[in-house]
Amino acid sequence: MKRYTFISFHKLLIASLVLAFGSCTSEDFWDTFDRTVDGPIDFTVGVEGSPARRAFTRAADENNQTQTPAASEGYYALQGGTQLRLKVDGMWKRIEETNGLVTKQATCKTEASETAVNTLNYDEGQTLYWDDYGTGDPDNKDAGGNLNKDKGLSVLAVAVDGNTEAPEVADWTSLSWTTVDANGKTEVNSKKLLAKDILVSNNLTAYKFAERDNADAKKLIFKHPLSKITFNIKAGVGFTKGSVGDTNYKFENAPTVTLTNARKLEDISTSSNDYALTKGTVSIANAAATNDGTKAAVIAGVTSTTDTTYTVIEQAIVYPSTPFAKDAVIAVIQADDNVYYIKADQIRAAMLANDANTDYTTKAGHNYIINVTLNKTGIFTTATVSAWKDVNSEETQPLINVDAVVGEKDGEIPTDFDREFDFWYSENLEGSYICGAQPFIKAGGSIDWSTTNPLYWPDHNTHYHLRGVYPTEKVDKSCKYVEVSNGGYASNSFPSNLMIGMPEFSAEALCGNPEHTQVDMRTAGICARTSAINLNFRYMMSQVEVNLTSKSGDSNAEVDLANAEVQLVNVGTKGKILLKDRSAVVTEEGTFTLPYTSGNNYHGVIIPQTLVNGDSNKVQFKITVYADAQKTKKSVYYADVAPIKVKVVGSTDAAKATDAWQSGVHYVYNLNITKTQITATASLTDWKTVEASEEVWF
């Protein structure tokens, strides 16, 4: 509705009548006098730049942008249906109450466009007309200017791309604006996220009636007064595979990206790690934003995903001057329960390349694009094989002494171990294990994963107990143990060559990952780390070897050993080797005959076990000497095994009796038998250890 005094109206009416009487009927006259006589005020809309323009990227690839500007324009169109709020100022000499200033506000919506600009449709009842500013008044012009036909209209506009409701504006010079919601987190919803990206236009300061058909003159150019940070996050090695034949990876769930300086996951919510500037005011008149110093840990919102590249695009809107400090963490990404830390260093390099005088803070209208490929940490291992150690006895009684021979291993990794083994893992020490791969172990302890299924930590919290079992396919279907029984020793045959590898810790060993509560890896397992974890493979059975002799100063006391037999009585004959700790459990006991090899040598592989199980159940050697091959006559000799005292060769420690046969130990008993007594020496050798690589967390 026009505002003017009665005097002004009268003058205008007279002028209009003079024009109308000569050519119009009364109906025509009133139509001519209608306020829409000069038509609605028409605008077009374009947003300066594009999501890809004025962008600092951490990598060269920007193909993941969702919009592309017209190459020749340097603008892009708003989404169709976006509401704009307009403030249009002009001068009309006859409006005396406001010294001629006419201010009107209106709302309108964009039409969808594939070009660089949109056309506008006024919302119902909101249309503005040139006649509202007196363009039909011939007196609305004088030599002094400041009137509509000379100076033109000044137009301010504000919008949020994609939103059907424009911001309410009380002060066009200082509009309060927060880039995150009340709890300090941006909504993870594209429209609500984009609702934080305010657009303003102040370029039309002299839009004249005479230029109403000029495409450039009527274009509202919108700018971004705030800054945008974009993360193009691609799933890499270790995440879920795509469809059959697809070599790409994908996320089970969209990652969560939090803008924070926290270097530990639990510190994200600590305000001292907030750095993104999120509150302040936006001057539409100046097309500029000023932060008030408020900081928050902003969660970026998912704006799009691409099925072909399995990339998730997440964005956050912040105020200009948000810092990217040197060496600082700027974001924490949580992807399928894995945690990754993004540092500012590479985006700083892109900023410097663009502006030699950069202060490394965000600038208005700039989009800082960080391209990230997330790879899960693989489970890598090395191997150590413990070979024999020499152990001797100094004891002369009770007739069995320890002497010794190293045997054929010579302290080296056995040549028969240069082949694949089963790689087992479990989250529960006592639970069932899973066989996840069959890598090869090489001479020297390195492991070749090239022919097997690669394994990855599912997330940074999961702790695994890792085991290697050789030879393959020997673990019981319960996936908790390997079933074994006594037999003749053969270095390349099961169970003589049974080895189980596991990480070994001499004392409490905390996992070292600062992202969760520290746990003792001996009982809770090992969590994700990038360095190799050593599996120390140890032989799981005991070797018992007997060499018989019969030497005496008295020839009548010597025994013919041609038909001798060596047995173990009260001995465990069957059992289990547990994956949880490589301990042996005897399940059956009885008498076991040591297999004869050659000469007077007897050599068997025995389940590790204790040698004393009560006074009446001691493990003993039983040597039966037959008179002939038909075993028609015999002599029997017994000797307890437990009292043997042993010590490691070269050790200064006193020899001690052994009460058990240990896994991986080769016991060589040299038994000298005469008709009056048994005298003996024995040797013990244990596997040597090749040192493991050190443990570090990632």
# chains A, B, ... in the order shown; residues from 1 in each chain; ligands from 1
call {"tool": "select_by_dssp", "arguments": {"residues": "stretch 197-366 of chain A", "states": "strand (DSSP E or B)", "output": "MDAnalysis selection string"}}
result
chainID A and resid 198:207 219:223 227:235 240:241 249:250 256:259 276:277 279:283 288:291 295:296 298:299 301:306 311:318 323 329:335 338:343 361
call {"tool": "closest_residue", "arguments": {"among": "A:Lys551, A:Lys634, A:Arg263, A:His516", "to": "A:Asn563", "atoms": "only C-alpha atoms"}}
result
A:Lys634
call {"tool": "residues_around", "arguments": {"residues": "A:Ile607", "least_positions_apart": "6", "cutoff": "10 Å", "atoms": "only C-alpha atoms", "output": "PDB file with N, CA and C atoms, in the first residue's frame"}}
result
ATOM      1  N   VAL A 484      47.032 -84.970  21.098  1.00  0.00           N
ATOM      2  CA  VAL A 484      48.315 -85.621  20.824  1.00  0.00           C
ATOM      3  C   VAL A 484      48.408 -86.938  21.592  1.00  0.00           C
ATOM      4  N   SER A 485      49.377 -87.766  21.175  1.00  0.00           N
ATOM      5  CA  SER A 485      49.680 -89.005  21.892  1.00  0.00           C
ATOM      6  C   SER A 485      51.151 -89.329  21.682  1.00  0.00           C
ATOM      7  N   ASN A 486      51.691 -90.158  22.577  1.00  0.00           N
ATOM      8  CA  ASN A 486      53.101 -90.544  22.487  1.00  0.00           C
ATOM      9  C   ASN A 486      53.359 -91.332  21.202  1.00  0.00           C
ATOM     10  N   GLY A 487      54.607 -91.255  20.744  1.00  0.00           N
ATOM     11  CA  GLY A 487      54.968 -92.018  19.557  1.00  0.00           C
ATOM     12  C   GLY A 487      56.461 -91.976  19.331  1.00  0.00           C
ATOM     13  N   PRO A 495      53.311 -86.113  15.992  1.00  0.00           N
ATOM     14  CA  PRO A 495      53.317 -84.844  16.710  1.00  0.00           C
ATOM     15  C   PRO A 495      54.716 -84.329  17.053  1.00  0.00           C
ATOM     16  N   MET A 540      55.871 -78.455  21.100  1.00  0.00           N
ATOM     17  CA  MET A 540      54.898 -78.731  22.147  1.00  0.00           C
ATOM     18  C   MET A 540      55.100 -80.084  22.832  1.00  0.00           C
ATOM     19  N   MET A 541      55.839 -80.983  22.226  1.00  0.00           N
ATOM     20  CA  MET A 541      56.058 -82.286  22.844  1.00  0.00           C
ATOM     21  C   MET A 541      57.431 -82.321  23.510  1.00  0.00           C
ATOM     22  N   SER A 542      57.637 -83.331  24.314  1.00  0.00           N
ATOM     23  CA  SER A 542      58.951 -83.600  24.897  1.00  0.00           C
ATOM     24  C   SER A 542      59.577 -84.767  24.139  1.00  0.00           C
ATOM     25  N   GLN A 543      60.891 -84.714  24.001  1.00  0.00           N
ATOM     26  CA  GLN A 543      61.600 -85.870  23.442  1.00  0.00           C
ATOM     27  C   GLN A 543      62.297 -86.610  24.583  1.00  0.00           C
ATOM     28  N   VAL A 571      53.157 -93.423  32.899  1.00  0.00           N
ATOM     29  CA  VAL A 571      53.381 -92.230  32.088  1.00  0.00           C
ATOM     30  C   VAL A 571      52.106 -91.846  31.351  1.00  0.00           C
ATOM     31  N   GLY A 572      51.939 -90.552  31.118  1.00  0.00           N
ATOM     32  CA  GLY A 572      50.830 -90.094  30.291  1.00  0.00           C
ATOM     33  C   GLY A 572      51.054 -90.498  28.849  1.00  0.00           C
ATOM     34  N   THR A 573      50.042 -91.091  28.231  1.00  0.00           N
ATOM     35  CA  THR A 573      50.196 -91.591  26.860  1.00  0.00           C
ATOM     36  C   THR A 573      49.379 -90.787  25.833  1.00  0.00           C
ATOM     37  N   LYS A 574      48.302 -90.122  26.292  1.00  0.00           N
ATOM     38  CA  LYS A 574      47.492 -89.271  25.419  1.00  0.00           C
ATOM     39  C   LYS A 574      47.166 -87.975  26.145  1.00  0.00           C
ATOM     40  N   GLY A 575      46.895 -86.908  25.348  1.00  0.00           N
ATOM     41  CA  GLY A 575      46.572 -85.650  25.995  1.00  0.00           C
ATOM     42  C   GLY A 575      46.200 -84.557  25.017  1.00  0.00           C
ATOM     43  N   LYS A 576      46.160 -83.326  25.535  1.00  0.00           N
ATOM     44  CA  LYS A 576      45.786 -82.158  24.748  1.00  0.00           C
ATOM     45  C   LYS A 576      46.811 -81.054  24.991  1.00  0.00           C
ATOM     46  N   ILE A 577      47.105 -80.298  23.943  1.00  0.00           N
ATOM     47  CA  ILE A 577      47.884 -79.071  24.080  1.00  0.00           C
ATOM     48  C   ILE A 577      46.906 -77.920  23.880  1.00  0.00           C
ATOM     49  N   ALA A 584      49.952 -78.534  28.576  1.00  0.00           N
ATOM     50  CA  ALA A 584      49.579 -79.907  28.224  1.00  0.00           C
ATOM     51  C   ALA A 584      48.683 -80.487  29.304  1.00  0.00           C
ATOM     52  N   VAL A 585      47.670 -81.214  28.871  1.00  0.00           N
ATOM     53  CA  VAL A 585      46.758 -81.887  29.792  1.00  0.00           C
ATOM     54  C   VAL A 585      46.765 -83.373  29.431  1.00  0.00           C
ATOM     55  N   VAL A 586      47.156 -84.222  30.390  1.00  0.00           N
ATOM     56  CA  VAL A 586      47.176 -85.674  30.154  1.00  0.00           C
ATOM     57  C   VAL A 586      45.763 -86.216  30.298  1.00  0.00           C
ATOM     58  N   TRP A 661      58.646 -83.309  32.645  1.00  0.00           N
ATOM     59  CA  TRP A 661      59.178 -83.183  31.296  1.00  0.00           C
ATOM     60  C   TRP A 661      58.479 -81.991  30.640  1.00  0.00           C
ATOM     61  N   GLN A 662      59.278 -81.029  30.226  1.00  0.00           N
ATOM     62  CA  GLN A 662      58.746 -79.800  29.665  1.00  0.00           C
ATOM     63  C   GLN A 662      58.615 -79.919  28.150  1.00  0.00           C
ATOM     64  N   SER A 663      57.643 -79.176  27.616  1.00  0.00           N
ATOM     65  CA  SER A 663      57.497 -79.144  26.157  1.00  0.00           C
ATOM     66  C   SER A 663      58.734 -78.501  25.541  1.00  0.00           C
TER      67      SER A 663
END
call {"tool": "select_by_dssp", "arguments": {"residues": "stretch 139-359 of chain A", "states": "helix (DSSP H, G or I)", "output": "number ranges by chain"}}
result
A: 148-151, 190-194, 209-211, 265-267, 271-273, 345-354
call {"tool": "write_last_selection", "arguments": {"atoms": "C-alpha atoms", "output": "PDB file, in the first residue's frame"}}
result
ATOM      1  CA  ASN A 148      14.495   5.956  -7.812  1.00  0.00           C
ATOM      2  CA  LYS A 149      14.845   6.667 -11.489  1.00  0.00           C
ATOM      3  CA  ASP A 150      18.342   8.115 -11.043  1.00  0.00           C
ATOM      4  CA  LYS A 151      19.778   6.230  -8.084  1.00  0.00           C
ATOM      5  CA  SER A 190      21.870 -32.831   4.911  1.00  0.00           C
ATOM      6  CA  LYS A 191      19.156 -30.176   5.094  1.00  0.00           C
ATOM      7  CA  LYS A 192      19.899 -29.282   8.694  1.00  0.00           C
ATOM      8  CA  LEU A 193      23.579 -29.202   7.973  1.00  0.00           C
ATOM      9  CA  LEU A 194      23.062 -26.932   4.984  1.00  0.00           C
ATOM     10  CA  PHE A 209      13.809   0.690 -13.747  1.00  0.00           C
ATOM     11  CA  ALA A 210      15.455   1.434 -17.055  1.00  0.00           C
ATOM     12  CA  GLU A 211      17.705  -1.622 -16.596  1.00  0.00           C
ATOM     13  CA  LEU A 265      39.040 -40.378  21.789  1.00  0.00           C
ATOM     14  CA  GLU A 266      37.872 -39.779  25.326  1.00  0.00           C
ATOM     15  CA  ASP A 267      39.037 -36.148  25.123  1.00  0.00           C
ATOM     16  CA  SER A 271      36.201 -28.091  25.830  1.00  0.00           C
ATOM     17  CA  SER A 272      39.922 -27.331  25.812  1.00  0.00           C
ATOM     18  CA  ASN A 273      40.120 -29.337  22.574  1.00  0.00           C
ATOM     19  CA  ASP A 345      49.839 -30.202   8.055  1.00  0.00           C
ATOM     20  CA  GLN A 346      48.772 -31.116   4.527  1.00  0.00           C
ATOM     21  CA  ILE A 347      45.867 -28.680   4.304  1.00  0.00           C
ATOM     22  CA  ARG A 348      48.281 -26.004   5.530  1.00  0.00           C
ATOM     23  CA  ALA A 349      50.545 -26.826   2.602  1.00  0.00           C
ATOM     24  CA  ALA A 350      47.643 -26.280   0.188  1.00  0.00           C
ATOM     25  CA  MET A 351      46.759 -22.987   1.892  1.00  0.00           C
ATOM     26  CA  LEU A 352      50.332 -21.749   1.623  1.00  0.00           C
ATOM     27  CA  ALA A 353      50.508 -22.697  -2.046  1.00  0.00           C
ATOM     28  CA  ASN A 354      47.396 -20.577  -2.634  1.00  0.00           C
TER      29      ASN A 354
END
call {"tool": "residues_around", "arguments": {"residues": "stretch 249-257 of chain A", "least_positions_apart": "3", "cutoff": "7 Å", "atoms": "only C-alpha atoms", "output": "MDAnalysis selection string"}}
result
chainID A and resid 235:237 239:242 299:300 310 312 331:336
call {"tool": "atom_distance", "arguments": {"atom1": "atom CA of A:Ser432", "atom2": "atom CA of A:Asp459"}}
result
20.0 Å
call {"tool": "atom_distance", "arguments": {"atom1": "atom CA of A:Trp457", "atom2": "atom CA of A:Val385"}}
result
25.0 Å
call {"tool": "residues_around", "arguments": {"residues": "A:Arg467", "least_positions_apart": "3", "cutoff": "8 Å", "atoms": "only C-alpha atoms", "output": "PyMOL selection string"}}
result
chain A and resi 423-425+500-503+535+579
call {"tool": "closest_residue", "arguments": {"among": "A:Tyr596, A:Trp130, A:Phe43, A:Phe222", "to": "A:Leu78", "atoms": "only C-alpha atoms"}}
result
A:Phe222
call {"tool": "atom_distance", "arguments": {"atom1": "atom CA of A:Ile317", "atom2": "atom CA of A:Asp292"}}
result
15.3 Å
